[in-house]
Every structure is written in C-alpha cells, then in structure tokens.
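Reading through the structure tokens given below for one structure.
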Amino acid sequence: MTRNLEALSARPFDLLVIGGGICGLMAAWDAATRGLRVAAIDSHDFGGGASFNHHRTLHGGLRYLQSADLIRFRESVRERRFWARVAPHLIAPQRFAVEADGARGKSAALLRAGLLADGWLSADRNAGIDRSLWLAPGGVVSGAERAAIDTSTLLPDTSSLAVWSDYRTEHAERLTFAVALAASRAGAALANYVDAIEPIRERRRVIGMMVRDGVGGGRRAIKARVTINAAGGAAGRLMAAFGVRRPTPLVKAMNVVTTRAAPLVACGAPAASGRLLFTMPWHNRLSIGTWHGSEPCGADAGMVTAQELASFIQEINEAFPALKLGDDDIALVQRGIVPARIRRGQVLLADRPLIREHRQDGVDGAISVMGVKYTTARAAAEYAVTLAVSQLGGNSVPPQTARLRLPGSLPDGTPPPSKQFDREVWEYLQRIYGADAQRIAATAIANPHLAERMTPSLPIIGAQIVEAARNEMAITLEDVVLRRTGLGAAGYPGDDAVLKVERLMREQLGWTSSRVQDEIQLLKEFYLPVHV
C-alpha cells in the first residue's frame with residue numbers, strides 16, 4: 001500500500017470517495033470488491049478523526065429496544081456480527097453492567113424484560129462466528145451471582161445488576177486501518193494527506209475533484225463518474241461546494257482514557273444531566289465515555305478546551321463518585337466532530353446516518369454519507385455505494401464485504417521464528433499482519449535492532465515502524481504512534497519511545513532535524529489538554 005498520486009490522475013475512476021474515516025474506507029472497500037475502479041482520499045490520515053476517537057465498542061443496538069425501533073436494532077445485531085466474522089483477531093467480547101433497582105437504577109423487571117427481548121430478537125447473534133467470540137444472552141443478577149462480578153467501586157456491591165455482552169475493539173487503530181488495507185488490496189487507489197479543493201463540473205454533473213497534495217504540494221485533477229462525500233465533519237462544506245445547501249448540525253464528542261486500573265466489566269451509570277456514561281477496560285486502563293457539547297460547533301472545533309474537559313470530569317464523578325477523578329488522572333482525550341440533532345432546543349447526538357443522493361438537489365454524480373455509529377458504518381457505506389452503482393448503470397456484482405475477511409489473523413500457536421521474539425510479540429505480529437507477519441519478522445531478524453520493543457510494556461517492535469513508513473503510507477510521527485501501531489493509543493508513550501520511533505522514521509523518510517522537532521511537537525499537541 002503506497003501513496004501514488006500519479007495513479008490518481010492517470011485515468012478516470014468509476015468512483016471517488018472523499019474521506020478516509022471508517023465510513024469512507026468501507027465505501028472504498030465495498031466498491032472495489034464490486035469491481036468498480038475506485039479512488040479514495042483524505043485530507044489528513046486514514047481514520048484520523050472521529051473514527052479514531054470512538055469509544056472502542058461494537059454495539060448490538062440494545063438501546064433501540066427502548067423506542068421499539070426494531071429495524072435499527074436488527075441492523076446493529078447484523079453489523080456487530082459482521083465485525084466478529086471479518087475481524088475476529090482484532091475484537092473481543094465485552095461484558096457490560098448497570099445497576100438494577102438501586103438508587104440510580106431502572107426497574108429490574110423492566111431491564112429483565114428488555115434483555116429477554118434482546119436475547120430473543122438477536123437469537124442469530126453468533127451465527128457463523130468463531131466460538132471464542134460467542135455472546136451469551138443478558139439478564140439481571142443478584143446475590144452470589146452479583147458478588148462474583150467485579151465492578152470495583154464503580155457500582156454498588158449490594159445492588160442487582162443488569163448484564164449483557166457486546167464487543168470491544170482490542171486493536172481499534174488497526175481495525176480501521178485494516179479496512180484501508182483491504183480496499184487497497186481489492187484494487188482501490190488510496191492516498192492520505194490529499195485535500196479536496198473544488199468539484200470539477202460538466203454542466204449539472206460532478207465529474208471529479210481538484211485536489212491539493214498536502215505532502216509534496218501542487219494540484220491535480222481526479223476524474224470520476226460518481227463522487228461520494230464521506231468527509232465526516234467537513235461533509236457539509238463539500239456539499240456546499242457541490243452547490244447543495246443542507247446545513248447539518250455538528251457537535252464535539254469526547255471520551256477519556258485514564259491512568260486508573262479498570263475492572264474487566266464495563267460499568268454504566270448516569271450523571272446528574274441524565275447522560276449515561278460507561279467505563280471500559282482499555283489497554284489495562286479505565287476509559288470513560290461519551291460526553292458531548294451542549295452547543296453546535298463548526299467542523300474545525302476539534303481541540304478540547306480545559307473547561308470542556310473539566311465539565312466531563314465533573315460528570316464522570318457524578319456518575320461514579322468513588323473514582324474522585326482529577327485532571328492528573330487523564331492520559332488521553334479522544335475527541336471528534338460528529339453529526340448532531342436539535343430537539344426542543346437541546347443538542348443531541350444524531351441517531352441516524354445522513355445518506356443523500358444529490359440528484360435530488362439538482363446535482364448529478366454526487367452522494368453524501370455521514371455515519372453516526374462505527375458499528376453500522378459498513379451498512380451506511382454499502383447503501384451509498386449501491387446508490388452510486390445505480391448512477392453508473394451497467395452490470396455490477398452484489399456487495400461482497402459481508403463475506404470477506406480483513407487483513408490479520410488469530411495467532412496459530414506456532415513458535416516464534418526467532419529467539420529474538422517472545423511469544424507475546426509473535427502473537428501480536430500475527431494478529432496485526434496475518435500472513436505478512438513472517439515478512440515483518442524477517443526484517444527484524446535481518447536487522448536485530450528492529451526486533452527491540454519500542455517500550456517494555458507493549459509488544460511493538462522497530463520492524464513495525466519500518467513497515468508503516470515503507471508500506472502503510474505513514475507520513476507523520478502521529479500516524480505511526482497512534483494509528484499504525486497503537487503505541488500511544490492509551491496515552492503518551494513517553495519520550496524514550498517517541499525518540500526511538502522518530503529515529504526510525506528519520507532513517508526511512510529522510511527527515512531533517514527541523515522536521516523532527518516539528519513532528520515531536522505536533523505529536524505532543526495531539527494529547528492536549530493533557531500535559532505530556
């Protein structure tokens with residue numbers, strides 16, 4: 001997977017996807033596997049926005065039962081099962097619990113009925129899934145069964161609990177990037193750090209985009225018969241460039257990763273605002289989400305202010321009083337700009353994707369899609385691509401992604417290929433790279449310094465940094481530390497680890513001393529407002 005801008009302008013494409021978040025990458029993968037000629041670009045890095053900053057869970061839509069929305073409930077069950085089929089090496093079952101019949105819990109009878117309905121309506125939840133990922137039905141537990149569930153001090157020991165299971169994304173950064181790899185291997189031409197400037201028009205039809213190379217500079221034209229706008233928070237701007245005025249409210253959303261230890265069970269509790277917050281075990285730390293702003297924001301309002309973080313910490317301490325969380329306990333602030341809806345003057349997170357075929361607006365050759373849930377991104381992307389296929393005409397194969405596998409694999413129990421690797425490192429390489437793990441290992445065997453861990457606590461070695469720079473389109477220090485290796489996905493990994501990565505990136509990409517200092521500074525700014 002290499003960044004080849006010449007290939008983007010060498011020929012016309014059937015489909016151009018603008019936006020490399022999970023929705024855009026899914027669209028590129030879906031379209032490429034249907035036999036379409038596909039290009040996909042992102043103004044930043046793949047999965048660098050809200051797709052990196054989601055709360056690391058794949059939900060089965062239990063909350064949709066509250067509103068009897070069975071269509072979205074069944075879609076969530078189906079798409080949760082999809083992830084378990086295509087990426088069993090990158091996810092794991094996660095048990096959730098909330099208080100039942102306590103001071104802040106809902107009626108145990110109501111929760112029991114809801115979980116019974118969930119079990120019945122999702123009876124096919126484990127169909128075609130590796131047995132290690134099977135999800136048990138939920139229920140309400142008390143007494144000795146409750147005592148056996150460790151919720152630390154997050155939920156009262158004496159209360160009954162409603163418990164159920166979904167999935168946790170064990171390697172969230174690689175899960176998104178695996179979709180980019182899959183799209184590339186299916187024939188899509190991908191490039192990061194390419195900014196869409198303006199549409200190319202032929203009367204009322206969009207026939208491509210003028211783009212700017214954010215790395216080497218210069219402009220070029222990418223011609224395509226249909227363009228899918230999957231630009232996330234910036235999708236509204238691109239719609240306006242198409243000539244479509246459909247204002248879409250946006251809001252800032254946030255999760256935090258703390259330095260606190262986490263119980264294995266994810267715990268939910270309401271803050272004073274009524275917002276239900278959940279803790280999650282993430283890289284042996286306690287992750288908590290999700291907060292969102294009370295006012296709409298612009299597409300560029302990505303940074304979190306100290307006041308916003310303080311507001312979130314206050315809500316966390318209202319929901320989980322025993323935590324007594326403070327600023328110094330925060331290791332990472334995950335933030336993104338996401339679609340919102342306004343109800344009775346109140347800003348809420350949007351609960352439905354926006355998918356718009358702009359021929360309805362007098363513009364042919366353009367479709368916009370804004371997803372609202374990581375879990376159901378594939379379904380939204382598939383629908384958008386189906387709309388594009390209808391505009392292209394001719395014959396196209398049906399959607400294929402539900403039957404395929406993403407790159408990577410479950411460890412196969414084989415011993416490490418060299419004494420330079422312990423079993424943890426070898427199994428990690430297999431999960432992340434699958435059949436390519438042997439090639440990554442061979443790089444380290446030939447260059448023993450590349451077999452060294454970047455930090456003692458994580459099984460990430462130097463050969464992975466080389467692979468990211470050579471074959472995974474990593475352009476910046478942030479790309480590698482956060483989105484190719486996950487070295488800093490739970491917090492700043494420390495100066496020693498960052499300098500090791502920087503030295504390898506300098507060797508691979510020929511960075512100057514000035515570039516090195518800029519890269520280190522930009523990486524540290526990513527963690528703001530946390531001090532590193």
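Identifiers for the structure tokens are assigned positionally: chains receive A, B, ... in sequence, residues are indexed from 1 per chain, and ligands are indexed from 1 in the order shown.
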Selection near A:Gly47, 12 Å with only C-alpha atoms, sequence-local residues under 6 positions removed, as an MDAnalysis selection string: chainID A and resid 19:26 41 53:54 172:180 192:193 230:232 336 374 478:479 482:484
For the selection just defined, write its residues with C-alpha atoms to a file, as an mmCIF file, in the first residue's frame.
```cif
data_model
loop_
_atom_site.group_PDB
_atom_site.id
_atom_site.type_symbol
_atom_site.label_atom_id
_atom_site.label_comp_id
_atom_site.auth_asym_id
_atom_site.auth_seq_id
_atom_site.Cartn_x
_atom_site.Cartn_y
_atom_site.Cartn_z
ATOM 1 C CA GLY A 19 -12.938 10.979 3.391
ATOM 2 C CA GLY A 20 -10.860 8.208 4.922
ATOM 3 C CA GLY A 21 -12.797 7.592 8.138
ATOM 4 C CA ILE A 22 -14.473 4.258 8.704
ATOM 5 C CA CYS A 23 -17.460 5.150 6.524
ATOM 6 C CA GLY A 24 -15.350 6.329 3.580
ATOM 7 C CA LEU A 25 -12.961 3.389 3.822
ATOM 8 C CA MET A 26 -15.877 0.971 3.952
ATOM 9 C CA ILE A 41 -8.504 10.331 -0.443
ATOM 10 C CA ASN A 53 -11.825 8.653 18.806
ATOM 11 C CA HIS A 54 -14.868 6.410 19.203
ATOM 12 C CA ALA A 172 -9.077 -0.133 17.364
ATOM 13 C CA GLU A 173 -6.427 1.707 15.369
ATOM 14 C CA ARG A 174 -5.632 -1.382 13.299
ATOM 15 C CA LEU A 175 -9.288 -2.276 12.821
ATOM 16 C CA THR A 176 -9.879 0.921 10.878
ATOM 17 C CA PHE A 177 -6.588 0.684 9.035
ATOM 18 C CA ALA A 178 -7.306 -2.948 8.115
ATOM 19 C CA VAL A 179 -10.289 -1.675 6.104
ATOM 20 C CA ALA A 180 -7.941 0.697 4.243
ATOM 21 C CA ASN A 192 -3.825 10.295 2.586
ATOM 22 C CA TYR A 193 -2.995 13.982 3.065
ATOM 23 C CA ALA A 230 -17.747 10.866 3.260
ATOM 24 C CA ALA A 231 -15.744 13.740 4.736
ATOM 25 C CA GLY A 232 -17.158 13.455 8.257
ATOM 26 C CA GLY A 336 -14.247 14.111 17.304
ATOM 27 C CA TYR A 374 -18.819 2.861 13.980
ATOM 28 C CA GLU A 478 1.380 10.807 14.809
ATOM 29 C CA ASP A 479 0.398 8.353 12.045
ATOM 30 C CA LEU A 482 -1.410 6.479 17.143
ATOM 31 C CA ARG A 483 -2.831 4.794 14.036
ATOM 32 C CA ARG A 484 -0.382 2.193 12.695
#
```
Give one line per residue of stretch 183-241 of chain A that approaches stretch 399-411 of chain A to at most 12 Å, naming the two atoms of the closest pair and their distance in Å to one decimal, counting only C-alpha atoms; sort by chain then ascending residue number and deliver it as a tab-separated table.
```
residue	atom	partner	partner_atom	distance
A:Ala183	CA	A:Leu406	CA	9.6
A:Ser184	CA	A:Pro407	CA	11.0
A:Arg185	CA	A:Pro407	CA	9.5
A:Ala186	CA	A:Thr401	CA	10.7
```
Stretch 66-95 of chain A residues near stretch 341-362 of chain A within 12 Å, closest pair each, using only C-alpha atoms, as CSV:
```
residue,atom,partner,partner_atom,distance
A:Ser67,CA,A:Asp351,CA,12.0
A:Asp69,CA,A:Asp351,CA,11.4
A:Ile71,CA,A:Arg352,CA,11.7
A:Arg72,CA,A:Arg352,CA,9.0
A:Phe73,CA,A:Asp351,CA,12.0
A:Glu75,CA,A:Arg352,CA,11.8
A:Ser76,CA,A:Arg352,CA,11.9
```
Kindly save the residues from that selection, with N, CA and C atoms included, as a CSV table (one decimal), in the first residue's frame.
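The new file part-v2.csv reads:
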```
chain,number,residue,atom,x,y,z
A,67,SER,N,-37.1,2.4,22.2
A,67,SER,CA,-38.0,3.1,21.4
A,67,SER,C,-38.7,2.2,20.4
A,69,ASP,N,-37.5,0.5,18.0
A,69,ASP,CA,-37.0,0.6,16.7
A,69,ASP,C,-36.3,-0.7,16.2
A,71,ILE,N,-36.0,-2.1,13.3
A,71,ILE,CA,-35.2,-2.0,12.1
A,71,ILE,C,-33.7,-1.7,12.5
A,72,ARG,N,-33.5,-0.7,13.2
A,72,ARG,CA,-32.2,-0.3,13.6
A,72,ARG,C,-31.6,-1.3,14.6
A,73,PHE,N,-32.4,-1.9,15.4
A,73,PHE,CA,-31.9,-2.9,16.3
A,73,PHE,C,-31.4,-4.1,15.5
A,75,GLU,N,-30.4,-4.1,12.4
A,75,GLU,CA,-29.2,-3.7,11.7
A,75,GLU,C,-28.0,-3.8,12.6
A,76,SER,N,-28.1,-3.3,13.8
A,76,SER,CA,-27.0,-3.3,14.7
A,76,SER,C,-26.5,-4.7,15.1
```
DSSP-assigned strand (DSSP E) among stretch 156-275 of chain A, expressed as an MDAnalysis selection string: chainID A and resid 160:169 189:191 194:202 205:213 219:229 250:258 266:270
DSSP helix (DSSP H, G or I) residues within stretch 180-387 of chain A, listed as a ChimeraX atom specification: /A:180-185,232-242,306-319,321-323,327-329,358-361,377-387
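Close contacts of A:Val211, defined as residues with an atom at most 12 Å away when counting only C-alpha atoms, with chain neighbours fewer than 5 positions off set aside, comprise Leu5, Leu8, Ser9, Leu16, Ile18, Ala40, Ile41, Asp42, Ser43, Ala191, Asn192, Tyr193, Val194, Asp195, Ala196, Ile197, Glu198, Pro199, Ile200, Gly217, Gly218, Arg219, Arg220, Ala221, Ile222 and Lys223 of chain A.
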Generate the output file for the selected residues, N, CA, C and O atoms, as an mmCIF file, in the first residue's frame.
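Heads up, here's the output in again-v9.cif:
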```
data_model
loop_
_atom_site.group_PDB
_atom_site.id
_atom_site.type_symbol
_atom_site.label_atom_id
_atom_site.label_comp_id
_atom_site.auth_asym_id
_atom_site.auth_seq_id
_atom_site.Cartn_x
_atom_site.Cartn_y
_atom_site.Cartn_z
ATOM 1 N N LEU A 5 0.323 9.387 -6.083
ATOM 2 C CA LEU A 5 -0.592 10.413 -6.565
ATOM 3 C C LEU A 5 -0.708 10.414 -8.082
ATOM 4 O O LEU A 5 -1.728 10.847 -8.625
ATOM 5 N N LEU A 8 -3.652 8.569 -9.246
ATOM 6 C CA LEU A 8 -4.952 9.202 -9.041
ATOM 7 C C LEU A 8 -5.393 10.039 -10.235
ATOM 8 O O LEU A 8 -6.598 10.248 -10.437
ATOM 9 N N SER A 9 -4.448 10.540 -10.982
ATOM 10 C CA SER A 9 -4.813 11.397 -12.112
ATOM 11 C C SER A 9 -4.489 10.774 -13.461
ATOM 12 O O SER A 9 -4.692 11.408 -14.496
ATOM 13 N N LEU A 16 -15.013 8.103 -6.842
ATOM 14 C CA LEU A 16 -14.065 8.799 -5.981
ATOM 15 C C LEU A 16 -14.705 8.951 -4.610
ATOM 16 O O LEU A 16 -15.812 9.490 -4.498
ATOM 17 N N ILE A 18 -14.294 10.697 -0.995
ATOM 18 C CA ILE A 18 -13.585 11.752 -0.277
ATOM 19 C C ILE A 18 -13.857 11.560 1.212
ATOM 20 O O ILE A 18 -14.992 11.671 1.671
ATOM 21 N N ALA A 40 -9.721 6.820 -3.366
ATOM 22 C CA ALA A 40 -10.172 7.324 -2.064
ATOM 23 C C ALA A 40 -9.078 8.210 -1.484
ATOM 24 O O ALA A 40 -7.902 7.824 -1.475
ATOM 25 N N ILE A 41 -9.469 9.381 -0.996
ATOM 26 C CA ILE A 41 -8.504 10.331 -0.443
ATOM 27 C C ILE A 41 -8.996 10.849 0.899
ATOM 28 O O ILE A 41 -10.179 10.794 1.212
ATOM 29 N N ASP A 42 -8.068 11.364 1.690
ATOM 30 C CA ASP A 42 -8.417 12.027 2.952
ATOM 31 C C ASP A 42 -7.483 13.208 3.135
ATOM 32 O O ASP A 42 -6.289 13.132 2.788
ATOM 33 N N SER A 43 -7.994 14.296 3.673
ATOM 34 C CA SER A 43 -7.184 15.495 3.860
ATOM 35 C C SER A 43 -6.172 15.331 4.989
ATOM 36 O O SER A 43 -5.209 16.093 5.077
ATOM 37 N N ALA A 191 -4.928 7.482 -1.066
ATOM 38 C CA ALA A 191 -3.884 8.436 -0.715
ATOM 39 C C ALA A 191 -4.356 9.301 0.444
ATOM 40 O O ALA A 191 -5.465 9.849 0.402
ATOM 41 N N ASN A 192 -3.528 9.394 1.475
ATOM 42 C CA ASN A 192 -3.825 10.295 2.586
ATOM 43 C C ASN A 192 -3.156 11.648 2.347
ATOM 44 O O ASN A 192 -2.365 11.821 1.428
ATOM 45 N N TYR A 193 -3.516 12.616 3.163
ATOM 46 C CA TYR A 193 -2.995 13.982 3.065
ATOM 47 C C TYR A 193 -3.188 14.559 1.666
ATOM 48 O O TYR A 193 -2.301 15.185 1.084
ATOM 49 N N VAL A 194 -4.383 14.340 1.130
ATOM 50 C CA VAL A 194 -4.785 14.924 -0.150
ATOM 51 C C VAL A 194 -6.106 15.649 0.096
ATOM 52 O O VAL A 194 -7.102 15.026 0.464
ATOM 53 N N ASP A 195 -6.098 16.946 -0.109
ATOM 54 C CA ASP A 195 -7.247 17.781 0.242
ATOM 55 C C ASP A 195 -8.096 18.071 -0.986
ATOM 56 O O ASP A 195 -7.585 18.536 -2.016
ATOM 57 N N ALA A 196 -9.405 17.774 -0.890
ATOM 58 C CA ALA A 196 -10.332 18.102 -1.970
ATOM 59 C C ALA A 196 -10.606 19.602 -1.957
ATOM 60 O O ALA A 196 -11.061 20.148 -0.948
ATOM 61 N N ILE A 197 -10.324 20.275 -3.081
ATOM 62 C CA ILE A 197 -10.453 21.737 -3.133
ATOM 63 C C ILE A 197 -11.790 22.166 -3.718
ATOM 64 O O ILE A 197 -12.525 22.957 -3.120
ATOM 65 N N GLU A 198 -12.099 21.671 -4.918
ATOM 66 C CA GLU A 198 -13.352 22.076 -5.560
ATOM 67 C C GLU A 198 -13.777 21.017 -6.567
ATOM 68 O O GLU A 198 -12.940 20.309 -7.138
ATOM 69 N N PRO A 199 -15.074 20.902 -6.796
ATOM 70 C CA PRO A 199 -15.547 19.913 -7.758
ATOM 71 C C PRO A 199 -15.196 20.315 -9.191
ATOM 72 O O PRO A 199 -15.101 21.495 -9.522
ATOM 73 N N ILE A 200 -15.004 19.305 -10.016
ATOM 74 C CA ILE A 200 -14.903 19.507 -11.461
ATOM 75 C C ILE A 200 -16.297 19.242 -12.026
ATOM 76 O O ILE A 200 -16.909 18.204 -11.741
ATOM 77 N N GLY A 217 2.918 19.224 -2.193
ATOM 78 C CA GLY A 217 2.396 20.431 -2.796
ATOM 79 C C GLY A 217 1.896 20.160 -4.207
ATOM 80 O O GLY A 217 2.049 19.071 -4.762
ATOM 81 N N GLY A 218 1.282 21.150 -4.798
ATOM 82 C CA GLY A 218 0.777 21.033 -6.157
ATOM 83 C C GLY A 218 -0.658 20.553 -6.203
ATOM 84 O O GLY A 218 -1.171 19.970 -5.241
ATOM 85 N N ARG A 219 -1.297 20.827 -7.321
ATOM 86 C CA ARG A 219 -2.689 20.444 -7.527
ATOM 87 C C ARG A 219 -2.784 19.462 -8.676
ATOM 88 O O ARG A 219 -1.926 19.413 -9.555
ATOM 89 N N ARG A 220 -3.862 18.692 -8.647
ATOM 90 C CA ARG A 220 -4.137 17.778 -9.752
ATOM 91 C C ARG A 220 -5.622 17.486 -9.784
ATOM 92 O O ARG A 220 -6.336 17.715 -8.791
ATOM 93 N N ALA A 221 -6.060 16.956 -10.906
ATOM 94 C CA ALA A 221 -7.465 16.605 -11.075
ATOM 95 C C ALA A 221 -7.637 15.106 -10.926
ATOM 96 O O ALA A 221 -6.835 14.325 -11.454
ATOM 97 N N ILE A 222 -8.666 14.714 -10.189
ATOM 98 C CA ILE A 222 -9.077 13.308 -10.122
ATOM 99 C C ILE A 222 -10.444 13.228 -10.767
ATOM 100 O O ILE A 222 -11.408 13.828 -10.279
ATOM 101 N N LYS A 223 -10.532 12.523 -11.871
ATOM 102 C CA LYS A 223 -11.797 12.389 -12.596
ATOM 103 C C LYS A 223 -12.517 11.124 -12.125
ATOM 104 O O LYS A 223 -11.899 10.067 -11.942
#
```
Who sits within 12 Å of stretch 439-448 of chain A, only C-alpha atoms, same chain under 4 positions skipped, as a ChimeraX atom specification: /A:416-422,425-430,432-435,452-453,460-468,470-471
